[in-house]
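The block underneath contains the structure these notes are about, expressed in structure tokens.
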Amino acid sequence: MARSVRVDRGARVVVVGAGFAGASLLRHLPPPLRKPGETLLVDRRDEWEFIPLAHEVAVGRVHPGSVRSPVAPLCRDACALLKAEVTGVDLDEKVLHTSGGVVGYEYLVLNPGSVATPPPAPLRDHLQKFWSVDDALALRGALAGAWKLATGTAPAPPGALTVAIVGGGATGVELAAEVASLFDYLRRRSHRRPREAPRVVLFEATDRLMGWLDPYFDRVARQTLANLGVEVLLNTVVDEASGSGVRFGGEFLPAATRVWAAGVGAAPLVRELPGEHDPSGRIAIDEHLTLPDHPEVYVLGDAGRYTHPKLGPLPPTASVAVQQGPWAARDLKRRLRGAESRRGRPPFRFFDRGYVVSLGPEGGVADAVGLKLRGPAAQALYRSVFLYYIKSRRDRLLTGADWAMERTIGRLGFGSDGTSPVGGQQEKHDEGWRSRDGPPGRVP
Ligand SMILES: Cc1cc2nc3c(=O)[nH]c(=O)nc-3n(C[C@H](O)[C@H](O)[C@H](O)COP(=O)(O)OP(=O)(O)OC[C@H]3O[C@@H](n4cnc5c(N)ncnc54)[C@H](O)[C@@H]3O)c2cc1C
């Protein structure tokens, strides 16, 4: 097609986003597309983050380097790579506007994922977000600082060791369980007693934790969290936050650490596309995972809303994204061979493998392939699922080693007084933990 805009570069297939969906698609590209001139990957970052393990990074169980992988090896000789921010899609001209120029495409695969929707204005300035490995490291630093203050000799404000987590979805639940387990670990291993008891308070606006999952998840999570000492406040909206705590229903909870773990929305890039959007901004896609009016544009992963004939709209999870990527690669292969009809292109098939949620180092809850599991069995499943999802052999080994070393070496970032080294010392300390020749994270 002749374009009326000047195009700086292009490829037959342009893939935006090297996350779960994009990476799994690239690994399954058919041979005719495995060439730099045929396929172009655009991502704004050099590194991709395996974000489902962020809560384990925040409590020092997993090294940040184990969950960050460089994007470049995804391409090798199979595609060209453009590091750029995509700022807009012109569907009529079949071009992308990016910070690195205008990119033309024949087929476009959009996988820009989700963004954290910011907390409402009265909370915004006083809650930490939890959406990236950097956020997890910021939280790790805050928790270590809080432990140091509460076990030190200087006076500590009320709530110095209280963590308020807003949002009882899977992210908030997993984080609450990890933070409670961390405090338990620090209490057992530290020679200094905190002057106030640690508290973890989880706020959820509805009457259920992880409301989109089977009620079994809520039941098991509430029992496990109670055993870990987490206070769960259902039907409770946090209306205000300050630098010293949070306010809800006329009560004030002093809390030095306050985390926003609620609210997910589709990436802005997708919100701006014409089409039918759900309240979180995900755009409706058809049985071939493409835009109904633009069959040359696939939208995969968190950004697209695919409605399963029986299960309804699929949730924005990694397990959906990693099934859609390879499926789209196979669909492209069929189209390159000339199949455009329904018969030649079977619709996307989702295999419902179920869900698994971690509840601290020893716990979990799962409903997978017809089995309802809890406790260590669910935790073992959780670990095997994630080791399977981590496609780089290096990262898989590192994460497995982090889990194995935890028992012998301790928590990363929590030194003998429970604190993290700060500033430029942090990376050095992390590397010392990894190479075992620096200060271990053990709390004597
Ligand atoms: C804290 C947390 C915990 C989670 N835990 C789980 C879990 O336990 N299990 C589970 O199944 N799911 C979990 N998820 C959800 C899971 O991470 C997402 O479903 C998954 O990442 C979606 O994959 P994706 O490919 O759509 O997007 P992503 O993996 O987010 O990748 C998007 C990519 O697009 C790039 N990008 C975005 N916008 C642009 C742009 N404008 N220009 C250029 N590049 C761009 C980004 O840099 C990124 O590389 C969790 C999410 C979070 C935040």
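FYI, nothing fancy with the structure tokens labels: chains A, B, ... in order, residues from 1 per chain, ligands from 1 as they appear.
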Quiz prompt | Non-local contacts of segment 71-88 of chain A (8 Å; only C-alpha atoms; under 2 positions in same chain excluded) as a PyMOL selection string | solution = chain A and resi 16+18+23+26-27+33-48+69+90+96-100+269+272
Export N, CA and C atoms of the chosen residues as a PDB file, in the first residue's frame?
```pdb
ATOM      1  N   VAL A  16       5.252  -4.924  18.862  1.00  0.00           N
ATOM      2  CA  VAL A  16       5.478  -3.887  19.876  1.00  0.00           C
ATOM      3  C   VAL A  16       5.365  -4.518  21.258  1.00  0.00           C
ATOM      4  N   ALA A  18       8.148  -6.510  24.256  1.00  0.00           N
ATOM      5  CA  ALA A  18       8.903  -7.767  24.381  1.00  0.00           C
ATOM      6  C   ALA A  18       8.584  -8.457  25.703  1.00  0.00           C
ATOM      7  N   ALA A  23       7.496 -11.866  23.621  1.00  0.00           N
ATOM      8  CA  ALA A  23       8.625 -12.805  23.631  1.00  0.00           C
ATOM      9  C   ALA A  23       8.173 -14.193  23.197  1.00  0.00           C
ATOM     10  N   LEU A  26       7.816 -14.214  19.452  1.00  0.00           N
ATOM     11  CA  LEU A  26       9.095 -14.207  18.722  1.00  0.00           C
ATOM     12  C   LEU A  26       9.766 -15.570  18.754  1.00  0.00           C
ATOM     13  N   ARG A  27       9.597 -16.289  19.860  1.00  0.00           N
ATOM     14  CA  ARG A  27      10.216 -17.630  19.960  1.00  0.00           C
ATOM     15  C   ARG A  27       9.553 -18.631  19.008  1.00  0.00           C
ATOM     16  N   LEU A  33       9.671 -15.641   8.540  1.00  0.00           N
ATOM     17  CA  LEU A  33       9.677 -14.344   9.241  1.00  0.00           C
ATOM     18  C   LEU A  33      10.873 -14.172  10.161  1.00  0.00           C
ATOM     19  N   ARG A  34      11.695 -15.200  10.263  1.00  0.00           N
ATOM     20  CA  ARG A  34      12.841 -15.131  11.180  1.00  0.00           C
ATOM     21  C   ARG A  34      14.024 -14.447  10.504  1.00  0.00           C
ATOM     22  N   LYS A  35      13.797 -13.233  10.036  1.00  0.00           N
ATOM     23  CA  LYS A  35      14.872 -12.471   9.386  1.00  0.00           C
ATOM     24  C   LYS A  35      14.705 -11.016   9.789  1.00  0.00           C
ATOM     25  N   PRO A  36      15.816 -10.303  10.015  1.00  0.00           N
ATOM     26  CA  PRO A  36      15.705  -8.909  10.432  1.00  0.00           C
ATOM     27  C   PRO A  36      14.865  -8.046   9.489  1.00  0.00           C
ATOM     28  N   GLY A  37      14.922  -8.296   8.178  1.00  0.00           N
ATOM     29  CA  GLY A  37      14.133  -7.472   7.252  1.00  0.00           C
ATOM     30  C   GLY A  37      12.644  -7.788   7.312  1.00  0.00           C
ATOM     31  N   GLU A  38      12.296  -8.937   7.842  1.00  0.00           N
ATOM     32  CA  GLU A  38      10.895  -9.374   7.867  1.00  0.00           C
ATOM     33  C   GLU A  38      10.193  -8.999   9.165  1.00  0.00           C
ATOM     34  N   THR A  39      10.932  -9.094  10.257  1.00  0.00           N
ATOM     35  CA  THR A  39      10.312  -8.841  11.563  1.00  0.00           C
ATOM     36  C   THR A  39      11.106  -7.786  12.320  1.00  0.00           C
ATOM     37  N   LEU A  40      10.369  -6.859  12.907  1.00  0.00           N
ATOM     38  CA  LEU A  40      10.996  -5.789  13.700  1.00  0.00           C
ATOM     39  C   LEU A  40      10.337  -5.766  15.077  1.00  0.00           C
ATOM     40  N   LEU A  41      11.164  -5.810  16.119  1.00  0.00           N
ATOM     41  CA  LEU A  41      10.652  -5.702  17.490  1.00  0.00           C
ATOM     42  C   LEU A  41      10.898  -4.285  17.992  1.00  0.00           C
ATOM     43  N   VAL A  42       9.853  -3.674  18.545  1.00  0.00           N
ATOM     44  CA  VAL A  42      10.006  -2.326  19.116  1.00  0.00           C
ATOM     45  C   VAL A  42       9.672  -2.414  20.604  1.00  0.00           C
ATOM     46  N   ASP A  43      10.595  -2.004  21.434  1.00  0.00           N
ATOM     47  CA  ASP A  43      10.310  -1.906  22.866  1.00  0.00           C
ATOM     48  C   ASP A  43      11.033  -0.692  23.405  1.00  0.00           C
ATOM     49  N   ARG A  44      10.444  -0.074  24.413  1.00  0.00           N
ATOM     50  CA  ARG A  44      11.063   1.147  24.928  1.00  0.00           C
ATOM     51  C   ARG A  44      12.197   0.851  25.898  1.00  0.00           C
ATOM     52  N   ARG A  45      12.306  -0.409  26.304  1.00  0.00           N
ATOM     53  CA  ARG A  45      13.315  -0.731  27.317  1.00  0.00           C
ATOM     54  C   ARG A  45      14.350  -1.727  26.787  1.00  0.00           C
ATOM     55  N   ASP A  46      15.528  -1.720  27.437  1.00  0.00           N
ATOM     56  CA  ASP A  46      16.573  -2.694  27.080  1.00  0.00           C
ATOM     57  C   ASP A  46      16.353  -4.012  27.790  1.00  0.00           C
ATOM     58  N   GLU A  47      15.620  -3.916  28.917  1.00  0.00           N
ATOM     59  CA  GLU A  47      15.453  -5.102  29.749  1.00  0.00           C
ATOM     60  C   GLU A  47      13.991  -5.396  29.950  1.00  0.00           C
ATOM     61  N   TRP A  48      13.695  -6.653  30.025  1.00  0.00           N
ATOM     62  CA  TRP A  48      12.335  -7.071  30.329  1.00  0.00           C
ATOM     63  C   TRP A  48      12.301  -7.593  31.756  1.00  0.00           C
ATOM     64  N   SER A  69      15.774  -9.554  32.264  1.00  0.00           N
ATOM     65  CA  SER A  69      16.508 -10.155  31.151  1.00  0.00           C
ATOM     66  C   SER A  69      16.676  -9.120  30.045  1.00  0.00           C
ATOM     67  N   ASP A  90      -1.241   4.653  13.465  1.00  0.00           N
ATOM     68  CA  ASP A  90      -2.124   5.152  12.410  1.00  0.00           C
ATOM     69  C   ASP A  90      -2.599   3.924  11.623  1.00  0.00           C
ATOM     70  N   LEU A  96       3.442   3.199  12.601  1.00  0.00           N
ATOM     71  CA  LEU A  96       3.557   3.514  14.017  1.00  0.00           C
ATOM     72  C   LEU A  96       4.349   4.797  14.142  1.00  0.00           C
ATOM     73  N   HIS A  97       3.933   5.656  15.065  1.00  0.00           N
ATOM     74  CA  HIS A  97       4.757   6.822  15.386  1.00  0.00           C
ATOM     75  C   HIS A  97       5.555   6.462  16.626  1.00  0.00           C
ATOM     76  N   THR A  98       6.870   6.580  16.532  1.00  0.00           N
ATOM     77  CA  THR A  98       7.711   6.195  17.667  1.00  0.00           C
ATOM     78  C   THR A  98       8.741   7.285  17.935  1.00  0.00           C
ATOM     79  N   SER A  99       9.369   7.187  19.100  1.00  0.00           N
ATOM     80  CA  SER A  99      10.436   8.155  19.418  1.00  0.00           C
ATOM     81  C   SER A  99      11.640   7.952  18.504  1.00  0.00           C
ATOM     82  N   GLY A 100      11.658   6.835  17.771  1.00  0.00           N
ATOM     83  CA  GLY A 100      12.766   6.579  16.838  1.00  0.00           C
ATOM     84  C   GLY A 100      12.335   6.746  15.392  1.00  0.00           C
ATOM     85  N   LEU A 269      -1.324   3.335  24.872  1.00  0.00           N
ATOM     86  CA  LEU A 269      -1.266   3.145  23.417  1.00  0.00           C
ATOM     87  C   LEU A 269      -2.537   2.477  22.887  1.00  0.00           C
ATOM     88  N   GLU A 272      -6.045   4.471  23.130  1.00  0.00           N
ATOM     89  CA  GLU A 272      -6.315   5.488  22.099  1.00  0.00           C
ATOM     90  C   GLU A 272      -6.784   4.895  20.780  1.00  0.00           C
TER      91      GLU A 272
END
```
Quiz item: Please, which residues have at least one atom within 7 Å of an atom of ligand 1, using only C-alpha atoms and all ligand atoms, listed as an NGL selection string?
Solution: :A and (16-22 or 42-45 or 48 or 51-55 or 84-87 or 111-114 or 130-132 or 171 or 267 or 269 or 300-303 or 316-319 or 321 or 357)
Using only N, CA and C atoms, please write the residues we just selected to a file, as a compact mmCIF listing (two decimals), in the first residue's frame.
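Okay, this is what ended up in result_30.txt:
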```txt
# COMPACT_ATOMS: atom_id res chain seq x y z
N VAL A 16 5.25 -4.92 18.86
CA VAL A 16 5.48 -3.89 19.88
C VAL A 16 5.36 -4.52 21.26
N GLY A 17 6.47 -4.53 22.00
CA GLY A 17 6.45 -5.07 23.36
C GLY A 17 7.10 -6.43 23.43
N ALA A 18 8.15 -6.51 24.26
CA ALA A 18 8.90 -7.77 24.38
C ALA A 18 8.58 -8.46 25.70
N GLY A 19 7.35 -8.32 26.17
CA GLY A 19 6.95 -8.96 27.43
C GLY A 19 6.54 -10.40 27.21
N PHE A 20 5.63 -10.89 28.06
CA PHE A 20 5.23 -12.29 27.97
C PHE A 20 4.69 -12.64 26.58
N ALA A 21 3.77 -11.81 26.07
CA ALA A 21 3.14 -12.12 24.78
C ALA A 21 4.15 -11.96 23.64
N GLY A 22 4.85 -10.82 23.61
CA GLY A 22 5.77 -10.53 22.52
C GLY A 22 6.91 -11.55 22.45
N VAL A 42 9.85 -3.67 18.55
CA VAL A 42 10.01 -2.33 19.12
C VAL A 42 9.67 -2.41 20.60
N ASP A 43 10.60 -2.00 21.43
CA ASP A 43 10.31 -1.91 22.87
C ASP A 43 11.03 -0.69 23.41
N ARG A 44 10.44 -0.07 24.41
CA ARG A 44 11.06 1.15 24.93
C ARG A 44 12.20 0.85 25.90
N ARG A 45 12.31 -0.41 26.30
CA ARG A 45 13.31 -0.73 27.32
C ARG A 45 14.35 -1.73 26.79
N TRP A 48 13.70 -6.65 30.02
CA TRP A 48 12.34 -7.07 30.33
C TRP A 48 12.30 -7.59 31.76
N ILE A 51 7.73 -9.72 36.07
CA ILE A 51 7.09 -8.99 37.17
C ILE A 51 6.32 -9.87 38.17
N PRO A 52 5.81 -11.05 37.79
CA PRO A 52 5.09 -11.83 38.81
C PRO A 52 5.94 -12.21 40.03
N LEU A 53 7.27 -12.07 39.95
CA LEU A 53 8.07 -12.38 41.14
C LEU A 53 8.49 -11.12 41.90
N ALA A 54 7.86 -9.98 41.58
CA ALA A 54 8.25 -8.71 42.22
C ALA A 54 8.09 -8.77 43.74
N HIS A 55 7.04 -9.46 44.21
CA HIS A 55 6.83 -9.49 45.67
C HIS A 55 7.96 -10.24 46.36
N ALA A 84 12.57 2.06 21.23
CA ALA A 84 11.84 3.31 21.06
C ALA A 84 10.49 3.19 21.74
N GLU A 85 9.95 4.35 22.09
CA GLU A 85 8.60 4.40 22.67
C GLU A 85 7.61 4.57 21.51
N VAL A 86 6.63 3.72 21.45
CA VAL A 86 5.59 3.89 20.43
C VAL A 86 4.57 4.87 20.98
N THR A 87 4.35 5.95 20.26
CA THR A 87 3.47 6.99 20.79
C THR A 87 2.10 6.98 20.11
N ASN A 111 1.60 -5.64 21.86
CA ASN A 111 1.60 -6.29 23.18
C ASN A 111 2.16 -5.34 24.23
N PRO A 112 1.59 -4.16 24.38
CA PRO A 112 2.22 -3.20 25.31
C PRO A 112 1.87 -3.44 26.77
N GLY A 113 1.03 -4.45 27.08
CA GLY A 113 0.77 -4.79 28.47
C GLY A 113 -0.15 -3.80 29.18
N SER A 114 0.02 -3.76 30.50
CA SER A 114 -0.84 -2.91 31.35
C SER A 114 -0.01 -1.83 32.01
N PHE A 130 3.36 -0.42 43.23
CA PHE A 130 4.02 -1.73 43.20
C PHE A 130 3.78 -2.35 41.84
N TRP A 131 4.64 -1.95 40.89
CA TRP A 131 4.37 -2.33 39.51
C TRP A 131 5.62 -2.73 38.74
N SER A 132 6.77 -2.62 39.36
CA SER A 132 8.00 -2.90 38.63
C SER A 132 9.03 -3.41 39.62
N THR A 171 -2.03 -9.46 43.63
CA THR A 171 -0.79 -8.74 43.94
C THR A 171 -0.74 -8.36 45.42
N ALA A 267 -2.38 -0.39 28.58
CA ALA A 267 -1.39 0.63 28.22
C ALA A 267 -2.07 1.74 27.42
N LEU A 269 -1.32 3.33 24.87
CA LEU A 269 -1.27 3.15 23.42
C LEU A 269 -2.54 2.48 22.89
N LEU A 300 -2.34 -8.62 21.74
CA LEU A 300 -2.17 -9.79 22.60
C LEU A 300 -1.91 -9.37 24.05
N GLY A 301 -2.00 -10.36 24.93
CA GLY A 301 -1.65 -10.13 26.33
C GLY A 301 -2.65 -9.23 27.03
N ASP A 302 -2.14 -8.46 27.99
CA ASP A 302 -3.01 -7.62 28.82
C ASP A 302 -3.77 -6.56 28.01
N ALA A 303 -3.24 -6.17 26.86
CA ALA A 303 -3.82 -5.04 26.13
C ALA A 303 -5.11 -5.41 25.40
N PRO A 316 -6.28 -10.43 32.49
CA PRO A 316 -4.94 -10.01 32.07
C PRO A 316 -3.87 -10.73 32.88
N THR A 317 -3.49 -11.91 32.46
CA THR A 317 -2.48 -12.67 33.20
C THR A 317 -1.41 -13.18 32.23
N ALA A 318 -0.28 -13.54 32.84
CA ALA A 318 0.83 -14.06 32.04
C ALA A 318 0.43 -15.36 31.35
N SER A 319 -0.40 -16.16 32.01
CA SER A 319 -0.74 -17.46 31.43
C SER A 319 -1.56 -17.30 30.15
N ALA A 321 -1.23 -14.52 28.16
CA ALA A 321 -0.29 -13.92 27.20
C ALA A 321 0.61 -14.98 26.55
N VAL A 357 -1.65 -18.99 43.28
CA VAL A 357 -1.27 -17.76 43.96
C VAL A 357 -0.35 -18.14 45.12
```
Exercise. To one decimal in Å, tell me the separation between atom CA of Arg124 of chain A and atom CA of Glu174 of chain A.
Key: 22.1 Å
Exercise. Do a neighbour search on Pro158 of chain A at 9 Å with only C-alpha atoms, toss out local chain neighbours closer than 3 positions, and write the hits as an MDAnalysis selection string.
Key: chainID A and resid 161:162 196 244 254:256
Quiz prompt | In segment 124-290 of chain A, DSSP strand (DSSP E or B) residues written as a PyMOL selection string | solution = chain A and resi 128-129+162-166+199-203+230-233+238-241+245-248+251-254+257-260+264-266+277+283-285+290
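With atom CA of Pro30 of chain A on one side and atom CA of Tyr306 of chain A on the other, the separation reads 23.6 Å.
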Practice problem: Return as an NGL selection string the full set of residues in segment 21-229 of chain A whose backbone-based DSSP assignment is alpha helix (DSSP H). | Solution: :A and (21-27 or 54-58 or 121-124 or 133-151 or 170-189 or 215-228)
